[in-house]
>>> print(open('my_file-v3.pdb').read())   # PDB, C-alpha atoms
ATOM      1  CA  MET L  16      -7.729   0.774   1.201
ATOM      2  CA  THR L  17      -4.786   0.923  -1.178
ATOM      3  CA  TYR L  18      -4.522  -1.819  -3.757
ATOM      4  CA  TYR L  19      -1.139  -3.168  -4.831
ATOM      5  CA  SER L  20      -0.767  -5.445  -7.820
ATOM      6  CA  PRO L  21       0.777  -8.877  -7.282
ATOM      7  CA  GLN L  22       3.768  -7.697  -9.333
ATOM      8  CA  LEU L  23       4.323  -4.657  -7.076
ATOM      9  CA  ILE L  24       3.950  -6.802  -3.965
ATOM     10  CA  GLN L  25       6.670  -9.102  -5.288
ATOM     11  CA  THR L  26       8.857  -6.098  -6.111
ATOM     12  CA  MET L  27       8.407  -4.812  -2.543
ATOM     13  CA  ARG L  28       9.320  -8.234  -1.135
ATOM     14  CA  ASP L  29      12.403  -8.417  -3.334
ATOM     15  CA  ALA L  30      13.399  -4.885  -2.298
ATOM     16  CA  LEU L  31      12.994  -5.775   1.378
ATOM     17  CA  ASP L  32      15.190  -8.850   0.925
ATOM     18  CA  ALA L  33      17.837  -6.724  -0.804
ATOM     19  CA  VAL L  34      17.772  -4.074   1.927
ATOM     20  CA  MET L  35      18.078  -6.712   4.642
ATOM     21  CA  THR L  36      21.376  -7.872   3.099
ATOM     22  CA  LYS L  37      22.739  -4.382   3.889
ATOM     23  CA  VAL L  38      21.804  -4.574   7.578
ATOM     24  CA  PRO L  39      24.644  -5.549   9.939
ATOM     25  CA  MET L  40      24.043  -9.127  11.079
ATOM     26  CA  ASN L  41      23.780  -8.212  14.766
ATOM     27  CA  HIS L  42      20.901  -5.825  13.960
ATOM     28  CA  ALA L  43      18.994  -8.050  11.507
ATOM     29  CA  THR L  44      15.986  -8.719  13.731
ATOM     30  CA  PRO L  45      12.336  -9.322  12.892
ATOM     31  CA  GLY L  46      11.530  -5.919  14.405
ATOM     32  CA  LEU L  47      13.987  -4.108  12.141
ATOM     33  CA  LYS L  48      12.678  -6.024   9.138
ATOM     34  CA  ALA L  49       9.122  -4.996  10.003
ATOM     35  CA  HIS L  50      10.149  -1.339  10.206
ATOM     36  CA  LEU L  51      11.942  -1.547   6.869
ATOM     37  CA  ALA L  52       8.898  -3.222   5.327
ATOM     38  CA  GLU L  53       6.805  -0.293   6.552
ATOM     39  CA  VAL L  54       9.255   2.199   4.996
ATOM     40  CA  ILE L  55       9.078   0.345   1.670
ATOM     41  CA  LEU L  56       5.282   0.169   1.835
ATOM     42  CA  GLN L  57       5.075   3.908   2.517
ATOM     43  CA  ALA L  58       7.420   4.600  -0.404
ATOM     44  CA  ALA L  59       5.199   2.532  -2.699
ATOM     45  CA  ALA L  60       2.134   4.388  -1.443
ATOM     46  CA  GLN L  61       3.865   7.645  -2.430
ATOM     47  CA  GLY L  62       4.383   6.367  -5.965
ATOM     48  CA  LEU L  63       7.870   4.880  -5.798
ATOM     49  CA  THR L  64       7.260   1.538  -7.444
ATOM     50  CA  SER L  65      10.530   0.565  -9.101
ATOM     51  CA  TYR L  66      12.787  -1.982  -7.431
ATOM     52  CA  ASP L  67      15.699   0.472  -7.307
ATOM     53  CA  ALA L  68      13.608   3.253  -5.776
ATOM     54  CA  LEU L  69      12.205   0.926  -3.116
ATOM     55  CA  VAL L  70      15.663  -0.430  -2.256
ATOM     56  CA  ALA L  71      16.977   3.122  -1.994
ATOM     57  CA  ALA L  72      14.083   4.176   0.234
ATOM     58  CA  GLY L  73      14.681   1.263   2.593
ATOM     59  CA  SER L  74      18.464   1.555   2.550
ATOM     60  CA  ASP L  75      18.293   5.241   3.426
ATOM     61  CA  GLN L  76      16.480   4.398   6.664
ATOM     62  CA  ILE L  77      18.628   1.527   7.982
ATOM     63  CA  GLN L  78      20.712   3.616  10.388
ATOM     64  CA  THR L  79      17.719   5.629  11.582
ATOM     65  CA  ILE L  80      15.781   2.479  12.411
ATOM     66  CA  ILE L  81      18.782   0.840  14.096
ATOM     67  CA  SER L  82      19.199   3.941  16.265
ATOM     68  CA  MET L  83      15.507   3.986  17.078
ATOM     69  CA  LEU L  84      15.506   0.321  18.135
ATOM     70  CA  SER L  85      18.750   0.501  20.128
TER      71      SER L  85
END
>>> encode(input="my_file-v3.pdb", output="structure tokens")
Amino acid sequence: MTYYSPQLIQTMRDALDAVMTKVPMNHATPGLKAHLAEVILQAAAQGLTSYDALVAAGSDQIQTIISMLS
């Protein structure tokens, strides 16, 4: 099991909150948020641990996830 420090967990939460502000309001659902959280978690598991890198990773997938869920 992968271990994430409390600081990294908070950074991932903050990144998720920032990415969600970029999602069009009519698509901001719990399901989309869960998918974005998974993207951010996967990015962290691959070594992207800075706030900016995690926001970028999540932001890059917004349209893909919206299309997938539509």
>>> resolve_selection(input="my_file-v3.pdb", expression="the PyMOL selection byres ((chain L and resi 77) around 9)", output="PDB file with C-alpha atoms, in the coordinates of the input")
ATOM      1  CA  VAL L  34      17.772  -4.074   1.927  1.00  0.00           C
ATOM      2  CA  MET L  35      18.078  -6.712   4.642  1.00  0.00           C
ATOM      3  CA  LYS L  37      22.739  -4.382   3.889  1.00  0.00           C
ATOM      4  CA  VAL L  38      21.804  -4.574   7.578  1.00  0.00           C
ATOM      5  CA  LEU L  47      13.987  -4.108  12.141  1.00  0.00           C
ATOM      6  CA  LEU L  51      11.942  -1.547   6.869  1.00  0.00           C
ATOM      7  CA  GLY L  73      14.681   1.263   2.593  1.00  0.00           C
ATOM      8  CA  SER L  74      18.464   1.555   2.550  1.00  0.00           C
ATOM      9  CA  ASP L  75      18.293   5.241   3.426  1.00  0.00           C
ATOM     10  CA  GLN L  76      16.480   4.398   6.664  1.00  0.00           C
ATOM     11  CA  GLN L  78      20.712   3.616  10.388  1.00  0.00           C
ATOM     12  CA  THR L  79      17.719   5.629  11.582  1.00  0.00           C
ATOM     13  CA  ILE L  80      15.781   2.479  12.411  1.00  0.00           C
ATOM     14  CA  ILE L  81      18.782   0.840  14.096  1.00  0.00           C
ATOM     15  CA  SER L  82      19.199   3.941  16.265  1.00  0.00           C
TER      16      SER L  82
END
>>> resolve_selection(input="my_file-v3.pdb", expression="the PyMOL selection byres ((chain L and resi 64) around 12)", output="VMD selection string")
chain L and resid 19 to 20 22 to 30 55 to 63 65 to 72
>>> write_last_selection(input="my_file-v3.pdb", atoms="C-alpha atoms", output="compact mmCIF listing (two decimals), in the coordinates of the input")
# COMPACT_ATOMS: atom_id res chain seq x y z
CA TYR L 19 -1.14 -3.17 -4.83
CA SER L 20 -0.77 -5.44 -7.82
CA GLN L 22 3.77 -7.70 -9.33
CA LEU L 23 4.32 -4.66 -7.08
CA ILE L 24 3.95 -6.80 -3.96
CA GLN L 25 6.67 -9.10 -5.29
CA THR L 26 8.86 -6.10 -6.11
CA MET L 27 8.41 -4.81 -2.54
CA ARG L 28 9.32 -8.23 -1.14
CA ASP L 29 12.40 -8.42 -3.33
CA ALA L 30 13.40 -4.88 -2.30
CA ILE L 55 9.08 0.34 1.67
CA LEU L 56 5.28 0.17 1.84
CA GLN L 57 5.08 3.91 2.52
CA ALA L 58 7.42 4.60 -0.40
CA ALA L 59 5.20 2.53 -2.70
CA ALA L 60 2.13 4.39 -1.44
CA GLN L 61 3.86 7.64 -2.43
CA GLY L 62 4.38 6.37 -5.96
CA LEU L 63 7.87 4.88 -5.80
CA SER L 65 10.53 0.56 -9.10
CA TYR L 66 12.79 -1.98 -7.43
CA ASP L 67 15.70 0.47 -7.31
CA ALA L 68 13.61 3.25 -5.78
CA LEU L 69 12.20 0.93 -3.12
CA VAL L 70 15.66 -0.43 -2.26
CA ALA L 71 16.98 3.12 -1.99
CA ALA L 72 14.08 4.18 0.23
>>> atom_distance(input="my_file-v3.pdb", atom1="atom CA of L:Tyr18", atom2="atom CA of L:Ala33")
23.1 Å
>>> closest_residue(input="my_file-v3.pdb", among="L:Pro21, L:Ser85, L:Thr36, L:Leu31", to="L:Glu53", atoms="all atoms listed in the file")
L:Leu31
